[in-house]
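Peer 1: Pasting a structure here, questions to come.
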Amino acid sequence: MQVKRLVVGFVGVLVLLSLCVSARAQADKTNPTAAADPVVKQLEAFRRDDFDTAFTFASGMIRAQFDRPAFEAMVRRGYPEIARSTFAAVTRTELESPGLAYVTVKIRGANGQAVEALYEMIWEDGWRINGVATRPDAIGTI
């Protein structure tokens with residue numbers, strides 16, 4: 001009888017933990033601030049020249065378009081300030097709908113150029129980077 005209570009108690013704890021994890025995942029899906037985390041982590045990986053880690057933050061669509069070496073080449077050629085940033089600051093996060101967010105980041109590259117980057121973030125069992133568009137920073141310095 002005591003074993004049965006122990007098993008029932010253990011199962012109850014597991015169910016409670018499962019509900020907590022599910023609730024947290026749903027909360028993150030509607031939290032645009034949480035969507036900025038992968039962007040910051042990817043920029044940190046780029047600074048270390050760790051394109052393997054940086055690639056893990058890309059959405060399934062991006063990973064389907066580029067293998068890892070092609071991803072690195074695309075970032076280095078098309079986004080030099082992102083590939084080699086010396087400074088980055090998230091300036092805005094916006095939730096378009098649950099599972100779709102936009103993150104704006106001011107970035108200064110090792111090349112001395114400053115850009116404003118707008119990241120599209122999608123929810124795929126966690127926030128993933130689905131694309132980025134850059135423009136010269138309006139002020140030019142950050």
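Residues are named by chain letter and number: chains run A, B, ... in the order of the structure tokens, numbers start at 1 in each chain, and ligands are numbered from 1 in the order shown.
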As a PDB file with C-alpha atoms, in the first residue's frame, please: the residues near Gln42 (chain A) (cut-off 8 Å, only C-alpha atoms, same-chain neighbours under 5 positions excluded).
Peer 2:
ATOM      1  CA  THR A  53      26.592  26.945 -32.864  1.00  0.00           C
ATOM      2  CA  ALA A  54      25.298  29.988 -34.752  1.00  0.00           C
ATOM      3  CA  PHE A  55      23.634  27.682 -37.278  1.00  0.00           C
ATOM      4  CA  PHE A  57      19.638  29.208 -33.974  1.00  0.00           C
TER       5      PHE A  57
END
Peer 1: Please provide the set of residues having any atom within 10 Å of region 108-122 of chain A, restricted to only C-alpha atoms, with same-chain residues fewer than 2 positions apart removed, written as a ChimeraX atom specification.
Peer 2: /A:29,32,35-36,38-39,47,57-60,79-106,124-142
Peer 1: Rounded to one decimal place, report the CA of Arg48 (chain A)-CA of Arg77 (chain A) distance in Å.
Peer 2: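 CA of Arg48 (chain A) sits 17.2 Å away from CA of Arg77 (chain A).
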Peer 1: Could you write out, as a PyMOL selection string, all the residues of region 65-108 of chain A that DSSP marks as alpha helix (DSSP H)?
Peer 2: chain A and resi 65+68-78+80-83
Peer 1: Could you tell me which of A:Asp52, A:Glu44, A:Ala70, A:Trp123 comes closest to Asn31 (chain A) if we count only C-alpha atoms?
Peer 2: A:Trp123
